[in-house]
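Shown next: work.cif, given as mmCIF, C-alpha atoms.
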```
data_data
#
loop_
_atom_site.label_atom_id
_atom_site.label_comp_id
_atom_site.auth_asym_id
_atom_site.auth_seq_id
_atom_site.Cartn_x
_atom_site.Cartn_y
_atom_site.Cartn_z
CA MET Q 133 2.48 72.88 56.01
CA ARG Q 134 2.56 69.81 53.79
CA ARG Q 135 -0.72 67.95 53.52
CA VAL Q 136 -1.84 64.96 51.46
CA ASN Q 137 -5.25 63.38 51.91
CA LYS Q 138 -5.67 59.61 51.97
CA ASP Q 139 -7.38 59.41 48.59
CA GLN Q 140 -4.84 61.69 46.90
CA LYS Q 141 -1.80 60.65 44.90
CA VAL Q 142 1.39 62.40 45.85
CA ARG Q 143 4.67 62.89 44.00
CA ILE Q 144 7.54 62.32 46.40
CA SER Q 145 11.02 63.58 45.50
CA LEU Q 146 14.20 62.59 47.25
CA THR Q 147 17.88 62.11 46.52
CA LEU Q 148 18.76 58.45 46.17
CA ASN Q 149 22.50 57.73 46.27
CA GLY Q 150 23.24 61.20 44.96
CA ARG Q 151 20.61 61.23 42.20
CA LYS Q 152 17.40 63.25 42.36
CA MET Q 153 14.47 60.91 41.91
CA SER Q 154 10.72 61.09 42.27
CA ALA Q 155 7.65 58.93 41.84
CA GLU Q 156 3.92 59.19 42.34
CA THR Q 157 2.46 57.19 45.19
CA GLU Q 158 0.07 57.23 48.18
CA PRO Q 159 0.76 58.90 51.53
CA ARG Q 160 0.74 55.50 53.29
CA MET Q 161 3.66 54.22 51.16
CA LEU Q 162 6.56 52.91 53.27
CA LEU Q 163 10.05 54.04 52.31
CA SER Q 164 11.16 50.39 51.91
CA ASP Q 165 8.47 49.71 49.31
CA PHE Q 166 8.93 53.13 47.69
CA LEU Q 167 12.61 52.35 47.08
CA ARG Q 168 11.92 48.88 45.72
CA HIS Q 169 8.64 49.24 43.84
CA SER Q 170 8.49 52.90 42.84
CA LEU Q 171 12.18 53.66 42.26
CA GLY Q 172 13.33 50.14 41.32
CA ALA Q 173 16.17 50.10 43.85
CA THR Q 174 15.87 46.50 45.03
CA GLY Q 175 19.16 46.31 46.94
CA THR Q 176 17.26 47.16 50.11
CA HIS Q 177 15.55 44.03 51.39
CA VAL Q 178 12.32 43.69 53.32
CA GLY Q 179 11.95 41.06 56.02
CA CYS Q 180 9.71 41.43 59.06
CA GLU Q 181 8.22 44.83 58.18
CA HIS Q 182 7.95 45.90 61.79
CA GLY Q 183 11.45 46.99 62.64
CA VAL Q 184 12.89 43.84 64.19
CA CYS Q 185 15.00 42.09 61.55
CA GLY Q 186 17.05 45.01 60.24
CA CYS Q 187 17.17 43.92 56.54
CA CYS Q 188 15.59 47.15 55.35
CA THR Q 189 18.07 49.48 57.08
CA VAL Q 190 19.02 52.46 54.88
CA GLN Q 191 20.44 55.87 55.68
CA ILE Q 192 18.53 59.14 55.68
CA ASP Q 193 20.93 62.09 55.71
CA GLY Q 194 23.67 59.67 56.74
CA THR Q 195 21.78 58.15 59.68
CA ALA Q 196 20.90 54.44 59.67
CA VAL Q 197 17.16 53.86 60.06
CA ARG Q 198 14.58 51.17 59.39
CA SER Q 199 12.97 51.98 56.03
CA CYS Q 200 10.00 49.74 56.90
CA LEU Q 201 9.17 51.99 59.87
CA THR Q 202 9.56 55.14 57.79
CA LEU Q 203 7.00 56.62 55.44
CA ALA Q 204 8.28 57.69 52.05
CA MET Q 205 6.73 61.07 52.93
CA GLN Q 206 9.16 61.32 55.85
CA ALA Q 207 12.11 61.00 53.46
CA GLU Q 208 10.73 63.67 51.15
CA ASP Q 209 13.50 66.08 50.03
CA ARG Q 210 16.04 64.12 52.08
CA ALA Q 211 19.16 62.25 50.99
CA VAL Q 212 18.58 58.50 51.11
CA THR Q 213 21.56 56.16 50.81
CA THR Q 214 21.22 52.45 50.14
CA VAL Q 215 23.54 49.50 49.61
CA GLU Q 216 23.76 50.33 45.90
CA SER Q 217 25.95 53.32 46.81
CA LEU Q 218 28.75 51.34 48.46
CA ALA Q 219 30.73 49.73 45.64
CA GLY Q 220 33.09 51.87 43.57
CA PRO Q 221 33.18 52.17 39.78
CA GLY Q 222 33.15 48.82 38.01
CA GLY Q 223 31.78 47.12 41.10
CA THR Q 224 34.93 47.43 43.21
CA LEU Q 225 33.97 46.45 46.74
CA ASN Q 226 34.60 48.99 49.47
CA LYS Q 227 36.53 48.13 52.63
CA LEU Q 228 33.49 46.93 54.56
CA GLN Q 229 32.12 44.87 51.67
CA GLN Q 230 35.56 43.34 51.02
CA ALA Q 231 35.82 42.38 54.69
CA PHE Q 232 32.47 40.58 54.41
CA ARG Q 233 33.78 38.71 51.39
CA ASN Q 234 37.06 37.84 53.13
CA HIS Q 235 35.29 36.27 56.08
CA HIS Q 236 32.36 34.55 54.36
CA ALA Q 237 30.11 36.89 56.30
CA LEU Q 238 27.17 36.19 54.05
CA GLN Q 239 25.52 33.16 52.58
CA CYS Q 240 22.11 33.98 51.14
CA GLY Q 241 22.82 37.71 51.50
CA PHE Q 242 19.30 38.70 52.50
CA CYS Q 243 20.31 40.49 55.70
CA THR Q 244 23.58 41.88 54.30
CA PRO Q 245 22.41 45.21 52.79
CA GLY Q 246 20.93 46.30 56.10
CA ILE Q 247 24.01 45.31 58.09
CA LEU Q 248 26.27 47.16 55.66
CA MET Q 249 24.18 50.34 55.89
CA SER Q 250 24.07 50.22 59.70
CA PHE Q 251 27.82 49.86 60.00
CA THR Q 252 28.58 52.43 57.32
CA ASP Q 253 26.84 54.92 59.63
CA PHE Q 254 28.14 53.50 62.90
CA LEU Q 255 31.79 53.26 61.82
CA ALA Q 256 31.69 56.78 60.36
CA ARG Q 257 30.59 58.08 63.77
CA ASN Q 258 32.73 55.66 65.80
CA PRO Q 259 35.91 54.95 63.85
CA LYS Q 260 37.54 53.12 66.77
CA PRO Q 261 34.83 50.92 68.27
CA THR Q 262 35.25 48.10 70.74
CA GLU Q 263 34.18 44.56 69.90
CA GLU Q 264 31.36 44.96 72.42
CA GLU Q 265 30.05 48.03 70.60
CA LEU Q 266 30.13 46.18 67.28
CA ARG Q 267 28.15 43.34 68.84
CA ASP Q 268 25.65 45.79 70.25
CA VAL Q 269 24.97 47.36 66.83
CA LEU Q 270 24.85 43.94 65.15
CA GLY Q 271 22.16 43.09 67.71
CA GLY Q 272 19.85 45.19 65.56
CA HIS Q 273 20.04 42.66 62.73
CA ILE Q 274 18.94 39.09 62.31
CA CYS Q 275 20.91 36.66 60.12
CA ARG Q 276 19.42 33.19 59.69
CA CYS Q 277 22.11 31.37 57.74
CA THR Q 278 25.76 32.14 58.36
CA GLY Q 279 25.43 32.74 62.04
CA TYR Q 280 27.25 35.73 63.37
CA ALA Q 281 30.88 34.57 63.72
CA GLY Q 282 31.83 35.46 60.15
CA ILE Q 283 29.98 38.76 60.35
CA MET Q 284 31.79 39.70 63.57
CA ALA Q 285 35.15 38.76 62.00
CA ALA Q 286 34.37 40.98 59.01
CA LEU Q 287 33.27 43.86 61.20
CA LYS Q 288 36.39 43.59 63.33
CA GLU Q 289 38.55 43.71 60.23
CA ALA Q 290 36.67 46.69 58.80
CA ALA Q 291 36.94 48.49 62.14
CA GLY Q 292 40.68 47.81 62.30
CA LEU Q 293 40.46 45.57 65.36
CA THR Q 294 42.24 42.76 63.50
CA ASN Q 295 44.95 43.09 60.89
CA THR Q 296 44.46 39.82 59.17
CA ASN Q 297 42.11 39.33 56.28
CA GLU Q 298 42.40 35.58 56.57
CA PRO Q 299 39.06 33.90 56.14
CA THR Q 300 37.35 32.84 59.33
CA GLY Q 301 37.07 29.09 59.78
CA ALA Q 302 39.32 28.33 56.80
CA LYS Q 303 42.01 26.79 58.94
CA SER Q 304 41.79 23.11 59.72
CA MET O 213 2.62 49.15 51.82
CA LYS O 214 0.95 47.81 54.90
CA PRO O 215 -0.90 50.50 56.85
CA ARG O 216 -4.49 51.45 56.06
CA PRO O 217 -4.91 54.78 54.19
CA PHE O 218 -4.60 57.97 56.24
CA ASP O 219 -4.28 61.70 55.69
CA TYR O 220 -0.68 62.83 56.11
CA VAL O 221 0.02 66.29 57.47
CA ARG O 222 3.42 67.79 58.23
CA PRO O 223 3.00 71.06 60.13
CA ASP O 224 5.87 73.55 60.27
CA THR O 225 5.23 74.77 63.81
CA ALA O 226 3.93 73.42 67.12
CA ASP O 227 1.03 75.91 66.87
CA GLU O 228 -0.04 74.34 63.58
CA ALA O 229 0.26 70.88 65.13
CA VAL O 230 -1.98 71.70 68.12
CA ALA O 231 -4.48 73.41 65.79
CA LEU O 232 -4.69 70.16 63.81
CA LEU O 233 -5.11 68.18 67.03
CA ALA O 234 -7.89 70.53 68.15
CA GLU O 235 -9.78 69.72 64.97
CA HIS O 236 -8.86 66.05 64.38
CA GLY O 237 -7.61 64.85 67.79
CA ASP O 238 -9.98 61.91 68.06
CA GLU O 239 -8.88 60.24 64.83
CA ALA O 240 -5.33 61.61 64.52
CA ARG O 241 -2.06 60.22 65.82
CA VAL O 242 1.12 62.21 66.25
CA LEU O 243 4.09 60.80 64.32
CA ALA O 244 7.56 61.69 65.58
CA GLY O 245 10.07 58.84 65.11
CA GLY O 246 7.42 56.24 64.39
CA GLN O 247 9.38 53.36 65.90
CA SER O 248 6.35 52.11 67.84
CA LEU O 249 3.53 53.72 65.86
CA MET O 250 4.63 52.62 62.38
CA ALA O 251 5.15 49.05 63.61
CA MET O 252 1.63 49.08 65.07
CA MET O 253 0.24 50.52 61.84
CA ASN O 254 2.07 47.91 59.75
CA LEU O 255 0.46 45.24 61.92
CA ARG O 256 -2.82 47.19 61.70
CA LEU O 257 -3.05 47.36 65.47
CA ALA O 258 -3.27 51.13 65.02
CA ASP O 259 -5.50 52.66 62.40
CA PRO O 260 -5.40 56.46 62.55
CA GLY O 261 -7.38 58.54 60.07
CA MET O 262 -4.68 61.20 60.11
CA LEU O 263 -0.97 61.28 60.87
CA ILE O 264 0.49 64.56 62.13
CA ASP O 265 4.22 64.39 61.46
CA ILE O 266 6.03 66.64 63.96
CA SER O 267 9.54 65.40 63.17
CA ARG O 268 10.54 68.51 61.21
CA ILE O 269 9.26 71.14 63.65
CA GLU O 270 12.37 73.12 64.55
CA GLY O 271 11.02 74.35 67.88
CA LEU O 272 10.69 70.76 69.13
CA GLU O 273 14.22 69.66 68.27
CA GLY O 274 16.08 71.04 71.25
CA ILE O 275 17.63 69.76 74.47
CA ARG O 276 17.45 72.70 76.89
CA ASP O 277 19.28 73.04 80.18
CA LEU O 278 16.84 74.75 82.55
CA GLY O 279 19.23 74.57 85.51
CA GLU O 280 17.46 72.09 87.80
CA LYS O 281 15.86 70.25 84.90
CA ILE O 282 16.77 69.21 81.39
CA GLU O 283 13.98 69.70 78.87
CA VAL O 284 13.92 67.35 75.91
CA GLY O 285 11.76 68.44 72.97
CA ALA O 286 9.29 66.17 71.22
CA ALA O 287 11.38 65.71 68.09
CA VAL O 288 14.63 64.80 69.91
CA THR O 289 15.72 61.27 69.05
CA GLN O 290 16.97 58.81 71.64
CA ASN O 291 20.43 58.76 70.05
CA LYS O 292 20.56 62.56 70.02
CA LEU O 293 20.01 62.59 73.79
CA LEU O 294 22.51 59.74 74.19
CA ALA O 295 25.10 61.85 72.32
CA TRP O 296 24.36 65.01 74.33
CA PRO O 297 27.76 65.97 75.83
CA ASP O 298 26.42 66.68 79.35
CA LEU O 299 24.34 63.51 79.61
CA SER O 300 26.54 61.38 81.86
CA LYS O 301 27.25 64.36 84.12
CA LYS O 302 23.74 65.78 84.49
CA LEU O 303 21.47 62.81 83.73
CA PRO O 304 23.55 59.73 84.61
CA LEU O 305 20.45 57.51 84.94
CA LEU O 306 19.52 58.27 81.32
CA ALA O 307 23.11 57.60 80.26
CA ALA O 308 22.75 54.15 81.84
CA ALA O 309 19.24 53.43 80.55
CA LEU O 310 19.24 54.72 76.96
CA PRO O 311 21.61 52.07 75.55
CA PHE O 312 18.91 49.50 76.46
CA VAL O 313 16.28 51.26 74.32
CA GLY O 314 15.71 49.21 71.16
CA HIS O 315 18.71 49.14 68.89
CA PHE O 316 21.21 51.68 67.53
CA GLN O 317 19.16 51.79 64.32
CA THR O 318 15.81 52.42 66.03
CA ARG O 319 17.29 54.96 68.48
CA ASN O 320 18.42 56.95 65.45
CA LYS O 321 14.78 57.71 64.71
CA GLY O 322 12.78 56.90 67.83
CA THR O 323 12.19 59.90 70.06
CA VAL O 324 12.42 60.31 73.83
CA CYS O 325 8.94 61.84 74.05
CA GLY O 326 7.48 59.28 71.64
CA SER O 327 8.53 56.50 73.97
CA VAL O 328 6.88 58.28 76.90
CA ALA O 329 3.74 58.91 74.81
CA HIS O 330 3.52 55.26 73.75
CA ALA O 331 3.63 54.21 77.43
CA ASP O 332 4.79 50.65 76.99
CA PRO O 333 5.09 49.06 80.47
CA SER O 334 8.68 48.02 79.75
CA SER O 335 9.82 51.38 78.34
CA GLU O 336 13.21 52.31 79.75
CA ILE O 337 12.59 56.01 79.20
CA SER O 338 9.21 56.01 80.97
CA LEU O 339 10.80 54.13 83.86
CA SER O 340 13.67 56.62 84.10
CA LEU O 341 11.27 59.55 83.95
CA ALA O 342 9.13 58.04 86.72
CA THR O 343 12.10 57.13 88.92
CA LEU O 344 13.54 60.63 88.61
CA GLN O 345 10.08 62.15 89.24
CA GLY O 346 10.22 64.08 85.99
CA GLU O 347 7.44 65.84 84.12
CA VAL O 348 5.59 65.82 80.83
CA VAL O 349 4.71 69.12 79.14
CA LEU O 350 1.44 69.05 77.18
CA ARG O 351 0.01 71.77 74.96
CA SER O 352 -3.43 72.25 73.47
CA LYS O 353 -4.93 75.01 71.38
CA GLN O 354 -7.81 75.78 73.78
CA ARG O 355 -6.15 75.36 77.16
CA GLY O 356 -2.52 76.19 76.47
CA GLU O 357 0.23 74.39 78.35
CA ARG O 358 0.00 72.11 81.37
CA VAL O 359 2.66 70.11 83.16
CA LEU O 360 2.00 66.65 84.58
CA ALA O 361 4.20 64.66 86.93
CA ALA O 362 5.34 61.40 85.36
CA LYS O 363 3.23 59.40 87.85
CA ASP O 364 0.10 61.32 86.84
CA PHE O 365 0.85 60.99 83.14
CA GLN O 366 1.13 57.24 82.56
CA LEU O 367 -2.10 55.67 83.80
CA ASP O 368 -1.81 52.12 82.54
CA MET O 369 -0.38 50.00 79.74
CA LEU O 370 -0.40 52.18 76.57
CA THR O 371 -2.72 54.58 78.38
CA THR O 372 -1.84 58.13 79.41
CA ALA O 373 -3.52 61.26 80.72
CA ARG O 374 -2.94 63.06 77.40
CA GLU O 375 -6.20 64.47 76.05
CA ALA O 376 -6.99 63.89 72.39
CA ASP O 377 -6.28 67.53 71.49
CA GLU O 378 -2.95 67.70 73.33
CA LEU O 379 0.57 67.50 71.97
CA ILE O 380 3.44 66.37 74.18
CA VAL O 381 5.89 69.17 73.48
CA ALA O 382 8.64 68.06 75.88
CA VAL O 383 9.59 65.96 78.88
CA ARG O 384 11.72 67.30 81.74
CA PHE O 385 14.23 65.21 83.65
CA PRO O 386 15.48 66.54 87.01
CA VAL O 387 19.25 67.03 86.98
CA HIS O 388 20.90 64.52 89.31
CA ALA O 389 24.62 65.16 88.90
CA GLY O 390 26.77 63.12 91.26
CA ARG O 391 23.91 60.92 92.54
CA GLY O 392 24.28 57.17 92.78
CA VAL O 393 22.23 55.62 90.00
CA ALA O 394 22.12 52.34 88.12
CA PHE O 395 19.95 50.70 85.49
CA ARG O 396 19.74 47.14 84.26
CA GLU O 397 17.23 44.93 82.54
CA VAL O 398 16.69 41.34 81.56
CA ALA O 399 15.42 40.55 78.06
CA ARG O 400 15.39 37.44 75.92
CA ARG O 401 17.65 39.06 73.35
CA GLN O 402 19.68 42.25 73.46
CA GLY O 403 17.45 45.11 72.28
CA ASP O 404 14.19 43.27 72.97
CA PHE O 405 11.49 44.52 75.27
CA ALA O 406 12.57 44.06 78.87
CA MET O 407 10.91 41.29 80.85
CA VAL O 408 11.97 43.23 83.93
CA ALA O 409 13.87 46.52 84.09
CA VAL O 410 15.19 48.04 87.31
CA ALA O 411 16.41 51.57 88.03
CA ALA O 412 17.94 52.62 91.34
CA PHE O 413 18.42 56.19 92.55
CA ILE O 414 20.15 56.94 95.86
CA GLU O 415 18.30 59.83 97.53
CA ASP O 416 20.49 60.23 100.61
CA LYS O 417 22.52 58.11 103.03
CA GLY O 418 19.48 56.30 104.31
CA HIS O 419 17.08 56.11 101.39
CA LEU O 420 16.80 55.12 97.78
CA ARG O 421 14.19 55.04 95.05
CA LEU O 422 13.67 51.79 93.24
CA GLY O 423 11.96 51.91 89.85
CA ILE O 424 10.60 48.75 88.26
CA GLY O 425 9.45 48.33 84.67
CA GLY O 426 7.76 45.41 82.93
CA MET O 427 5.90 44.21 86.02
CA ALA O 428 2.75 46.34 85.92
CA GLY O 429 0.83 48.65 83.59
CA THR O 430 2.99 51.59 84.65
CA PRO O 431 6.47 51.93 86.10
CA VAL O 432 6.43 51.13 89.82
CA VAL O 433 8.54 53.51 91.90
CA GLN O 434 9.06 52.98 95.59
CA ARG O 435 11.11 54.85 98.18
CA MET O 436 12.76 52.55 100.69
CA ALA O 437 15.21 52.63 103.56
CA ILE O 438 18.58 51.25 102.53
CA GLY O 439 18.67 49.13 105.68
CA GLY O 440 15.35 47.41 105.03
CA MET O 441 15.54 46.87 101.33
CA THR O 442 15.64 43.08 101.28
CA ASP O 443 12.19 42.94 102.88
CA ALA O 444 10.98 45.83 100.74
CA ILE O 445 12.01 44.09 97.52
CA GLU O 446 10.30 40.88 98.64
CA THR O 447 7.12 42.83 99.45
CA ILE O 448 7.12 44.44 96.01
CA ALA O 449 7.95 41.20 94.20
CA SER O 450 5.22 39.19 95.85
CA GLY O 451 2.75 42.07 95.69
CA LEU O 452 3.03 42.74 91.96
CA GLU O 453 0.77 40.67 89.79
CA GLY O 454 3.31 40.68 86.92
CA TYR O 455 2.60 39.85 83.32
CA GLU O 456 2.17 36.44 81.80
CA ASP O 457 3.27 36.51 78.18
CA LEU O 458 5.29 34.70 75.57
CA HIS O 459 8.56 35.85 77.11
CA ALA O 460 8.08 35.09 80.77
CA SER O 461 5.60 33.89 83.35
CA ALA O 462 4.64 36.19 86.20
CA GLU O 463 6.54 33.93 88.58
CA LEU O 464 9.71 34.21 86.49
CA ARG O 465 9.33 38.01 86.42
CA ARG O 466 9.03 38.08 90.22
CA ASP O 467 12.13 35.92 90.53
CA ILE O 468 14.08 38.12 88.14
CA LEU O 469 13.10 41.15 90.21
CA ARG O 470 14.20 39.48 93.48
CA ASN O 471 17.60 38.78 91.95
CA LEU O 472 18.10 41.86 89.80
CA ALA O 473 17.05 44.59 92.25
CA PRO O 474 19.82 43.97 94.83
CA LEU O 475 22.44 44.00 92.04
CA VAL O 476 21.21 47.31 90.66
CA ILE O 477 21.01 48.86 94.13
CA ALA O 478 24.55 47.73 94.92
CA GLU O 479 25.74 49.25 91.65
CA ALA O 480 24.02 52.55 92.46
CA GLN O 481 25.54 52.61 95.95
CA LYS O 482 28.97 51.96 94.52
CA CYS O 483 28.47 54.75 92.01
CA ALA O 484 27.41 57.10 94.86
CA ALA O 485 30.44 56.26 96.98
#
```

Please go through the file and, once you have read it, give me the structure as structure tokens.
Amino acid sequence: MRRVNKDQKVRISLTLNGRKMSAETEPRMLLSDFLRHSLGATGTHVGCEHGVCGCCTVQIDGTAVRSCLTLAMQAEDRAVTTVESLAGPGGTLNKLQQAFRNHHALQCGFCTPGILMSFTDFLARNPKPTEEELRDVLGGHICRCTGYAGIMAALKEAAGLTNTNEPTGAKS
Amino acid sequence: MKPRPFDYVRPDTADEAVALLAEHGDEARVLAGGQSLMAMMNLRLADPGMLIDISRIEGLEGIRDLGEKIEVGAAVTQNKLLAWPDLSKKLPLLAAALPFVGHFQTRNKGTVCGSVAHADPSSEISLSLATLQGEVVLRSKQRGERVLAAKDFQLDMLTTAREADELIVAVRFPVHAGRGVAFREVARRQGDFAMVAVAAFIEDKGHLRLGIGGMAGTPVVQRMAIGGMTDAIETIASGLEGYEDLHASAELRRDILRNLAPLVIAEAQKCAA
């Protein structure tokens, strides 16, 4: 049985993007803040902090979850994957990231890390989704600047529903 | 870091968990997926002195086929049940209702039992459990196990018959293979809390069960004759007080029910045929 009292400090260890990491914190520390403030991994963004906006979505053991509704203690000894893991060596964008770039699927980029981590999980489990399924999963994220047309175009390309990588809205 | 400080305990077995509840039940909250509890703690609407994290207890992770019932353990996530291969055959109402629960990302962590324990009036899982006349299995250190019918478990909004020292170890859904069922809800945005949710379950040629969520403190389940359902729906709609909130007036909720219920019933009848 693992037990930490409220006035105790606790050292939490986990694997972040393949690297073992640990930091000392309090039991009430949220995973989102643990990643950003304790481990310095600021790719994960924090928006509403009660599970609605989806910015903070990361993967624990490959499953997309809200890091703001997860205690760091709950990720103890687990494998956490964040947006920092996606690009290849030298910053080469992966297929999903490149699709976002092709379709101008981000503007300020605040919501993007969460969307990428959701769909990295979803597309791994559902390699041949329908457009409706993509929309359903995107429903778990809020974007306040590009609107969703570009994001849907990028997702459809990444999921192989469209062949073209022509930018959305670029035609006159 | 938004919640107030609390003691964090992660027991390895259900026995350890109920022993903790026996000692700290009044100030402790059970943490499974945390998709309602952590949000409430972040908003400081919940302020437990201790969190008992049951999410890694192996004995609570199973979906068990008991023949006439399917038992879902307390650590089973909503998406795990949704991905259970026999779901659409044995629990078609759950197969229809679960996609409405939160979002893909919250279903990955939110548990079936946690939703029942939270007892939100618009919970799709509580509504399905009530409509199917399922059960909740509770365990305490002193009194052992007891089983409550869904209608005796949820007493009001966010209020259940669970005693402070009890752990919900599982819920049981009656198998209803081949029955006509349907589920739909109306929400402001996809994935939001339902303003009104409706479940229909065809009992036999002449009767059906209509389950309604979001209109009262608990799910409302009524048996009605298929012939007289238009009047029955009107009686329920005008009889329910309904909620007034940011999302909808009580009058709008009643109107949604009047319009939604016949559609869901027709869908269930079609599915039975």

Residues matched by the PyMOL selection byres ((chain O) within 8 of (chain Q)) as a PyMOL selection string: chain O and resi 213-224+246-247+250-252+254-255+315-318+320-321+402-403

Name all residues at most 6 Å from stretch 280-295 of chain O (count only C-alpha atoms; drop same-chain ones fewer than 4 positions away) and give them as a list in words. Ser267, Leu272, Glu273, Gly274, Ile275, Arg276, Arg319, Asn320, Lys321, Gly322, Thr323, Val324, Cys325, Val381, Ala382, Val383, Arg384, Phe385, Pro386 and Val387 of chain O

Can you tell me how far atom CA of Q:Arg210 sits from atom CA of Q:Glu156, in Å to one decimal? 16.3 Å

Output check: residues returned by the PyMOL selection byres ((chain O and resi 450-452) around 10), as a list of chain:residue names: O:Met427, O:Ala428, O:Val432, O:Ile445, O:Glu446, O:Thr447, O:Ile448, O:Ala449, O:Glu453, O:Gly454, O:Tyr455, O:Ala462, O:Glu463, O:Arg465, O:Arg466, O:Asp467, O:Leu469, O:Arg470

Interatomic distance between atom CA of O:Gly245 and atom CA of O:Ala307?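 Calculated distance between atom CA of O:Gly245 and atom CA of O:Ala307 is 20.0 Å.
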
Name the residues that the PyMOL selection byres ((chain O and resi 262) around 7) picks from the file above, as a CSV table (one decimal) with C-alpha atoms, in the coordinates of the input, using the file's chain letters and numbers.
```
chain,number,residue,atom,x,y,z
O,218,PHE,CA,-4.6,58.0,56.2
O,219,ASP,CA,-4.3,61.7,55.7
O,220,TYR,CA,-0.7,62.8,56.1
O,239,GLU,CA,-8.9,60.2,64.8
O,240,ALA,CA,-5.3,61.6,64.5
O,241,ARG,CA,-2.1,60.2,65.8
O,260,PRO,CA,-5.4,56.5,62.6
O,261,GLY,CA,-7.4,58.5,60.1
O,263,LEU,CA,-1.0,61.3,60.9
O,264,ILE,CA,0.5,64.6,62.1
```

What lies within 9 Å of O:Ala231 using all atoms listed in the file, ignoring chain neighbours under 2 positions off, as a ChimeraX atom specification? /O:226-229,233-236,352-354,377

Could I see stretch 247-262 of chain Q restored to N, CA and C atoms, set down as a tab-separated table (two decimals), keeping the file's coordinate frame?
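Okay, part_22.tsv is ready:
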```tsv
chain	number	residue	atom	x	y	z
Q	247	ILE	N	22.84	45.29	57.20
Q	247	ILE	CA	24.01	45.31	58.09
Q	247	ILE	C	25.06	46.28	57.55
Q	248	LEU	N	25.28	46.26	56.25
Q	248	LEU	CA	26.27	47.16	55.66
Q	248	LEU	C	25.87	48.63	55.88
Q	249	MET	N	24.59	48.93	55.73
Q	249	MET	CA	24.18	50.34	55.89
Q	249	MET	C	24.24	50.78	57.34
Q	250	SER	N	23.93	49.88	58.28
Q	250	SER	CA	24.07	50.22	59.70
Q	250	SER	C	25.51	50.56	60.03
Q	251	PHE	N	26.42	49.68	59.60
Q	251	PHE	CA	27.82	49.86	60.00
Q	251	PHE	C	28.51	50.96	59.22
Q	252	THR	N	28.02	51.28	58.03
Q	252	THR	CA	28.58	52.43	57.32
Q	252	THR	C	28.33	53.69	58.15
Q	253	ASP	N	27.14	53.79	58.74
Q	253	ASP	CA	26.84	54.92	59.63
Q	253	ASP	C	27.63	54.80	60.93
Q	254	PHE	N	27.53	53.64	61.58
Q	254	PHE	CA	28.14	53.50	62.90
Q	254	PHE	C	29.66	53.73	62.86
Q	255	LEU	N	30.33	53.13	61.87
Q	255	LEU	CA	31.79	53.26	61.82
Q	255	LEU	C	32.22	54.68	61.42
Q	256	ALA	N	31.37	55.38	60.68
Q	256	ALA	CA	31.69	56.78	60.36
Q	256	ALA	C	31.65	57.63	61.63
Q	257	ARG	N	30.70	57.32	62.53
Q	257	ARG	CA	30.59	58.08	63.77
Q	257	ARG	C	31.53	57.58	64.85
Q	258	ASN	N	31.88	56.29	64.78
Q	258	ASN	CA	32.73	55.66	65.80
Q	258	ASN	C	33.85	54.90	65.12
Q	259	PRO	N	34.87	55.62	64.65
Q	259	PRO	CA	35.91	54.95	63.85
Q	259	PRO	C	36.74	53.95	64.65
Q	260	LYS	N	36.74	54.07	65.98
Q	260	LYS	CA	37.54	53.12	66.77
Q	260	LYS	C	36.66	52.41	67.79
Q	261	PRO	N	35.77	51.57	67.34
Q	261	PRO	CA	34.83	50.92	68.27
Q	261	PRO	C	35.48	49.74	68.99
Q	262	THR	N	34.83	49.33	70.08
Q	262	THR	CA	35.25	48.10	70.74
Q	262	THR	C	34.45	46.95	70.13
```
